[in-house]
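A.B. asks: Sharing protein.csv below, CSV, C-alpha atoms:
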```csv
chain,number,residue,atom,x,y,z
A,18,MET,CA,96.2,170.6,125.1
A,19,VAL,CA,93.2,171.1,127.4
A,20,ALA,CA,90.4,168.6,127.8
A,21,GLY,CA,88.1,168.9,124.8
A,22,ASP,CA,90.7,170.4,122.5
A,23,TRP,CA,91.0,167.1,120.7
A,24,MET,CA,87.5,167.8,119.1
A,25,PHE,CA,89.2,170.4,116.9
A,26,ALA,CA,92.2,168.2,116.0
A,27,GLU,CA,92.0,165.8,113.1
A,28,HIS,CA,92.3,162.7,115.3
A,29,PRO,CA,91.5,162.0,119.0
A,30,PRO,CA,94.4,161.7,121.6
A,31,GLY,CA,96.3,158.5,121.3
A,32,PHE,CA,95.6,158.0,117.6
A,33,ASP,CA,98.7,156.5,116.0
A,34,ALA,CA,98.6,157.9,112.4
A,35,CYS,CA,101.4,155.6,111.3
A,36,SER,CA,99.9,152.2,112.0
A,37,ALA,CA,96.2,152.7,112.7
A,38,PRO,CA,94.7,153.4,109.3
A,39,ASP,CA,96.2,150.4,107.4
A,40,THR,CA,95.4,148.1,110.3
A,41,LEU,CA,91.8,149.3,110.6
A,42,VAL,CA,91.2,149.2,106.9
A,43,LEU,CA,92.5,145.6,106.7
A,44,GLU,CA,90.5,144.5,109.7
A,45,ALA,CA,87.3,146.1,108.3
A,46,ARG,CA,87.8,144.6,104.9
A,47,GLY,CA,88.4,141.1,106.5
A,48,THR,CA,85.3,141.5,108.7
A,49,ILE,CA,83.1,142.7,105.8
A,50,ALA,CA,84.4,140.0,103.5
A,51,ALA,CA,83.8,137.3,106.1
A,52,ARG,CA,80.3,138.5,106.9
A,53,THR,CA,79.4,138.9,103.2
A,54,SER,CA,80.7,135.5,102.2
A,55,SER,CA,78.9,133.8,105.0
A,56,SER,CA,75.6,135.4,104.1
A,57,VAL,CA,75.6,135.2,100.3
A,58,ASP,CA,72.5,133.0,100.6
A,59,ASP,CA,70.5,136.0,101.9
A,60,PRO,CA,72.1,139.4,101.1
A,61,GLU,CA,68.8,141.2,101.8
A,62,ALA,CA,68.8,139.8,105.4
A,63,GLU,CA,72.4,140.8,105.8
A,64,LEU,CA,71.7,144.4,104.6
A,65,ALA,CA,68.7,144.6,107.0
A,66,ARG,CA,71.0,143.4,109.9
A,67,HIS,CA,73.5,146.2,109.1
A,68,VAL,CA,70.7,148.8,108.9
A,69,ARG,CA,69.3,147.7,112.2
A,70,ALA,CA,72.7,147.9,113.8
A,71,ALA,CA,72.8,151.6,113.2
A,72,ALA,CA,69.8,152.3,115.4
A,73,PRO,CA,71.6,152.5,118.7
A,74,THR,CA,74.2,154.8,117.2
A,75,ARG,CA,71.4,157.0,115.9
A,76,ARG,CA,69.8,157.1,119.4
A,77,VAL,CA,73.2,158.3,120.8
A,78,LEU,CA,73.3,161.0,118.0
A,79,CYS,CA,69.8,162.1,119.1
A,80,ALA,CA,70.9,162.3,122.7
A,81,LEU,CA,74.0,164.3,121.8
A,82,ALA,CA,71.9,166.7,119.7
A,83,ALA,CA,69.5,167.2,122.6
A,84,ARG,CA,72.4,167.9,125.0
A,85,ALA,CA,73.9,170.4,122.5
A,86,ILE,CA,70.7,172.3,122.3
A,87,GLU,CA,70.2,172.3,126.1
A,88,SER,CA,73.7,173.5,126.8
A,89,ARG,CA,73.8,175.9,123.8
A,90,SER,CA,77.2,174.3,123.0
A,91,TRP,CA,77.7,176.4,119.8
A,92,SER,CA,78.1,179.6,121.8
A,93,ARG,CA,80.9,178.0,123.9
A,94,LEU,CA,82.6,177.0,120.7
A,95,GLY,CA,82.5,180.6,119.4
A,96,PHE,CA,79.5,180.4,117.1
A,97,ALA,CA,76.6,182.9,117.2
A,98,ARG,CA,74.0,180.4,116.1
A,99,ALA,CA,73.5,176.7,116.2
A,100,GLY,CA,73.1,176.6,112.4
A,101,ASP,CA,76.6,178.2,112.0
A,102,GLN,CA,78.2,175.5,114.1
A,103,THR,CA,76.2,172.5,112.7
A,104,ARG,CA,76.8,173.5,109.1
A,105,GLU,CA,80.5,174.1,109.5
A,106,ARG,CA,81.4,171.2,111.9
A,107,GLN,CA,78.8,168.5,111.4
A,108,GLY,CA,77.5,169.2,107.9
A,109,ILE,CA,73.9,169.3,108.9
A,110,SER,CA,71.4,172.1,109.3
A,111,ALA,CA,70.2,173.5,112.6
A,112,ARG,CA,66.7,172.1,111.7
A,113,SER,CA,68.2,168.6,111.5
A,114,LEU,CA,69.9,169.1,114.9
A,115,GLN,CA,66.5,170.3,116.3
A,116,GLU,CA,64.7,167.3,114.8
A,117,LEU,CA,67.3,164.8,116.3
A,118,ALA,CA,66.8,166.5,119.7
A,119,ARG,CA,63.0,166.3,119.3
A,120,VAL,CA,63.2,162.6,118.5
A,121,HIS,CA,65.3,162.0,121.6
A,122,ARG,CA,62.8,163.8,123.9
A,123,VAL,CA,59.9,161.8,122.5
A,124,LEU,CA,61.6,158.4,122.5
A,125,ALA,CA,62.9,159.0,126.0
A,126,GLU,CA,59.3,159.0,127.2
A,127,ALA,CA,57.9,156.5,124.8
A,128,ARG,CA,59.9,153.4,125.9
A,129,SER,CA,58.0,150.9,123.7
A,130,VAL,CA,58.6,152.9,120.6
A,131,ASP,CA,62.2,153.4,121.5
A,132,ALA,CA,62.7,149.7,122.1
A,133,ALA,CA,61.0,148.9,118.8
A,134,PHE,CA,63.3,151.3,117.0
A,135,GLN,CA,66.5,150.0,118.6
A,136,THR,CA,65.6,146.4,118.0
A,137,GLY,CA,64.8,147.1,114.3
A,138,ARG,CA,61.0,146.4,114.5
A,139,ILE,CA,60.5,149.9,113.1
A,140,GLY,CA,63.0,152.0,111.1
A,141,TRP,CA,64.4,155.5,111.6
A,142,THR,CA,61.8,157.1,109.3
A,143,ALA,CA,58.9,155.5,111.2
A,144,ALA,CA,60.4,156.5,114.6
A,145,ARG,CA,61.0,160.1,113.3
A,146,ALA,CA,57.4,160.2,112.1
A,147,LEU,CA,56.0,159.0,115.4
A,148,ALA,CA,58.1,161.5,117.2
A,149,ARG,CA,56.2,164.2,115.4
A,150,LEU,CA,53.2,163.4,117.6
A,151,GLY,CA,55.0,165.2,120.4
A,152,ARG,CA,53.7,162.8,123.0
A,153,ILE,CA,52.7,159.2,122.1
A,154,GLU,CA,49.7,158.4,124.3
A,155,ASP,CA,48.8,155.0,123.0
A,156,GLN,CA,52.2,153.5,122.1
A,157,ALA,CA,50.9,150.0,121.2
A,158,LEU,CA,48.4,151.5,118.7
A,159,TRP,CA,51.0,153.7,117.0
A,160,LEU,CA,53.5,150.8,116.9
A,161,GLY,CA,50.9,148.7,115.2
A,162,ARG,CA,50.3,151.4,112.7
A,163,ALA,CA,54.0,151.9,112.1
A,164,LYS,CA,54.4,148.2,111.3
A,165,ALA,CA,51.2,147.9,109.2
A,166,LEU,CA,51.2,151.1,107.2
A,167,ALA,CA,53.5,152.1,104.4
A,168,LEU,CA,55.7,155.1,105.4
A,169,PRO,CA,53.8,157.7,103.4
A,170,ASP,CA,50.5,156.5,105.0
A,171,LEU,CA,52.0,156.5,108.5
A,172,GLU,CA,53.3,160.1,108.0
A,173,ARG,CA,49.8,161.1,106.8
A,174,ALA,CA,48.2,159.4,109.9
A,175,VAL,CA,50.6,161.2,112.2
```
Take the structure in this file and express it as structure tokens.
C.D. replies:
Amino acid sequence: MVAGDWMFAEHPPGFDACSAPDTLVLEARGTIAARTSSSVDDPEAELARHVRAAAPTRRVLCALAARAIESRSWSRLGFARAGDQTRERQGISARSLQELARVHRVLAEARSVDAAFQTGRIGWTAARALARLGRIEDQALWLGRAKALALPDLERAV
């Protein structure tokens, strides 16, 4: 197996199919149960915490999408078009890949907006809407709007 071939395998190298699934499932269930039982008083806050925790992962996804487009990775994988590869392998459209890459490019320059997204002060939909500006000149103004306006109003303002 050459480097990178594991992407096409069902599991990455070193994955122990005999013991890992049961152990991981039990650990995950225990962690979720412990966190859920400790936060029964405020389930809405717990849900918000989990949603915010996904922001750094989504930023990594955006960076990977940008890198895939820059390197035209689909052609090296034997696909004629980005959409062919993204639909078959990732289950998303080429347009979704392009949007993720666009969000990455804008947030990489708009550090305040990026920080607000990653810390949960604004959500994914608001960050994506602000990225449609292309270049965010007055980040403080747009962050204020993102926090104050309902999402449909923010999208209209953008």
A.B. asks: Work out how far apart CA of Lys164 (chain A) and CA of Arg138 (chain A) are and give it in Å to one decimal.
C.D. replies: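 CA of Arg138 (chain A) lies at a distance of 7.6 Å from CA of Lys164 (chain A).
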A.B. asks: When distances are computed from only C-alpha atoms, which of A:Ala127, A:Ala133, A:Ala167, A:Glu116 shows the smallest separation from Arg149 (chain A)?
C.D. replies: A:Glu116
A.B. asks: Between CA of Arg76 (chain A) and CA of Arg119 (chain A), what is the distance in Å, rounded to a tenth?
C.D. replies: 11.4 Å
A.B. asks: Take CA of Leu147 (chain A) and CA of Ala72 (chain A) and report the distance between them in Å, one decimal.
C.D. replies: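 These two atoms are separated by 15.3 Å.
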A.B. asks: Which of these, A:Ala97, A:Leu81, A:Ala111, A:Leu124, has the shortest distance to Ile153 (chain A) once you count all atoms listed in the file?
C.D. replies: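 Closest to Ile153 (chain A) of all the choices is A:Leu124.
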A.B. asks: Got a sec: who's within 12 Å of Leu150 (chain A), counting only C-alpha atoms, leaving out chain neighbours fewer than 2 positions off, as an MDAnalysis selection string?
C.D. replies: chainID A and resid 119:120 122:124 127 143:148 152:156 159 171:175
A.B. asks: Using only C-alpha atoms, please write the residues we just selected to a file, as a short mmCIF file (atom, residue, chain, number, x, y, z; two decimals), keeping the file's coordinate frame.
C.D. replies:
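Okay, this is what ended up in selection_19.cif:
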```
data_model
loop_
_atom_site.label_atom_id
_atom_site.label_comp_id
_atom_site.auth_asym_id
_atom_site.auth_seq_id
_atom_site.Cartn_x
_atom_site.Cartn_y
_atom_site.Cartn_z
CA ARG A 119 63.00 166.30 119.30
CA VAL A 120 63.20 162.60 118.50
CA ARG A 122 62.80 163.80 123.90
CA VAL A 123 59.90 161.80 122.50
CA LEU A 124 61.60 158.40 122.50
CA ALA A 127 57.90 156.50 124.80
CA ALA A 143 58.90 155.50 111.20
CA ALA A 144 60.40 156.50 114.60
CA ARG A 145 61.00 160.10 113.30
CA ALA A 146 57.40 160.20 112.10
CA LEU A 147 56.00 159.00 115.40
CA ALA A 148 58.10 161.50 117.20
CA ARG A 152 53.70 162.80 123.00
CA ILE A 153 52.70 159.20 122.10
CA GLU A 154 49.70 158.40 124.30
CA ASP A 155 48.80 155.00 123.00
CA GLN A 156 52.20 153.50 122.10
CA TRP A 159 51.00 153.70 117.00
CA LEU A 171 52.00 156.50 108.50
CA GLU A 172 53.30 160.10 108.00
CA ARG A 173 49.80 161.10 106.80
CA ALA A 174 48.20 159.40 109.90
CA VAL A 175 50.60 161.20 112.20
#
```
A.B. asks: Please determine, counting all atoms listed in the file, which residue among A:Gly95, A:Gly161, A:Leu117, A:Asp170 has the shortest atom-to-atom distance to Val130 (chain A).
C.D. replies: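 For Val130 (chain A), the nearest of the given residues is A:Gly161.
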A.B. asks: For Arg84 (chain A), which residue among A:Glu126, A:Leu114, A:Ala157, A:Trp141 is the nearest when counting only C-alpha atoms?
C.D. replies: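 Distance minimum relative to Arg84 (chain A) lands on A:Leu114.
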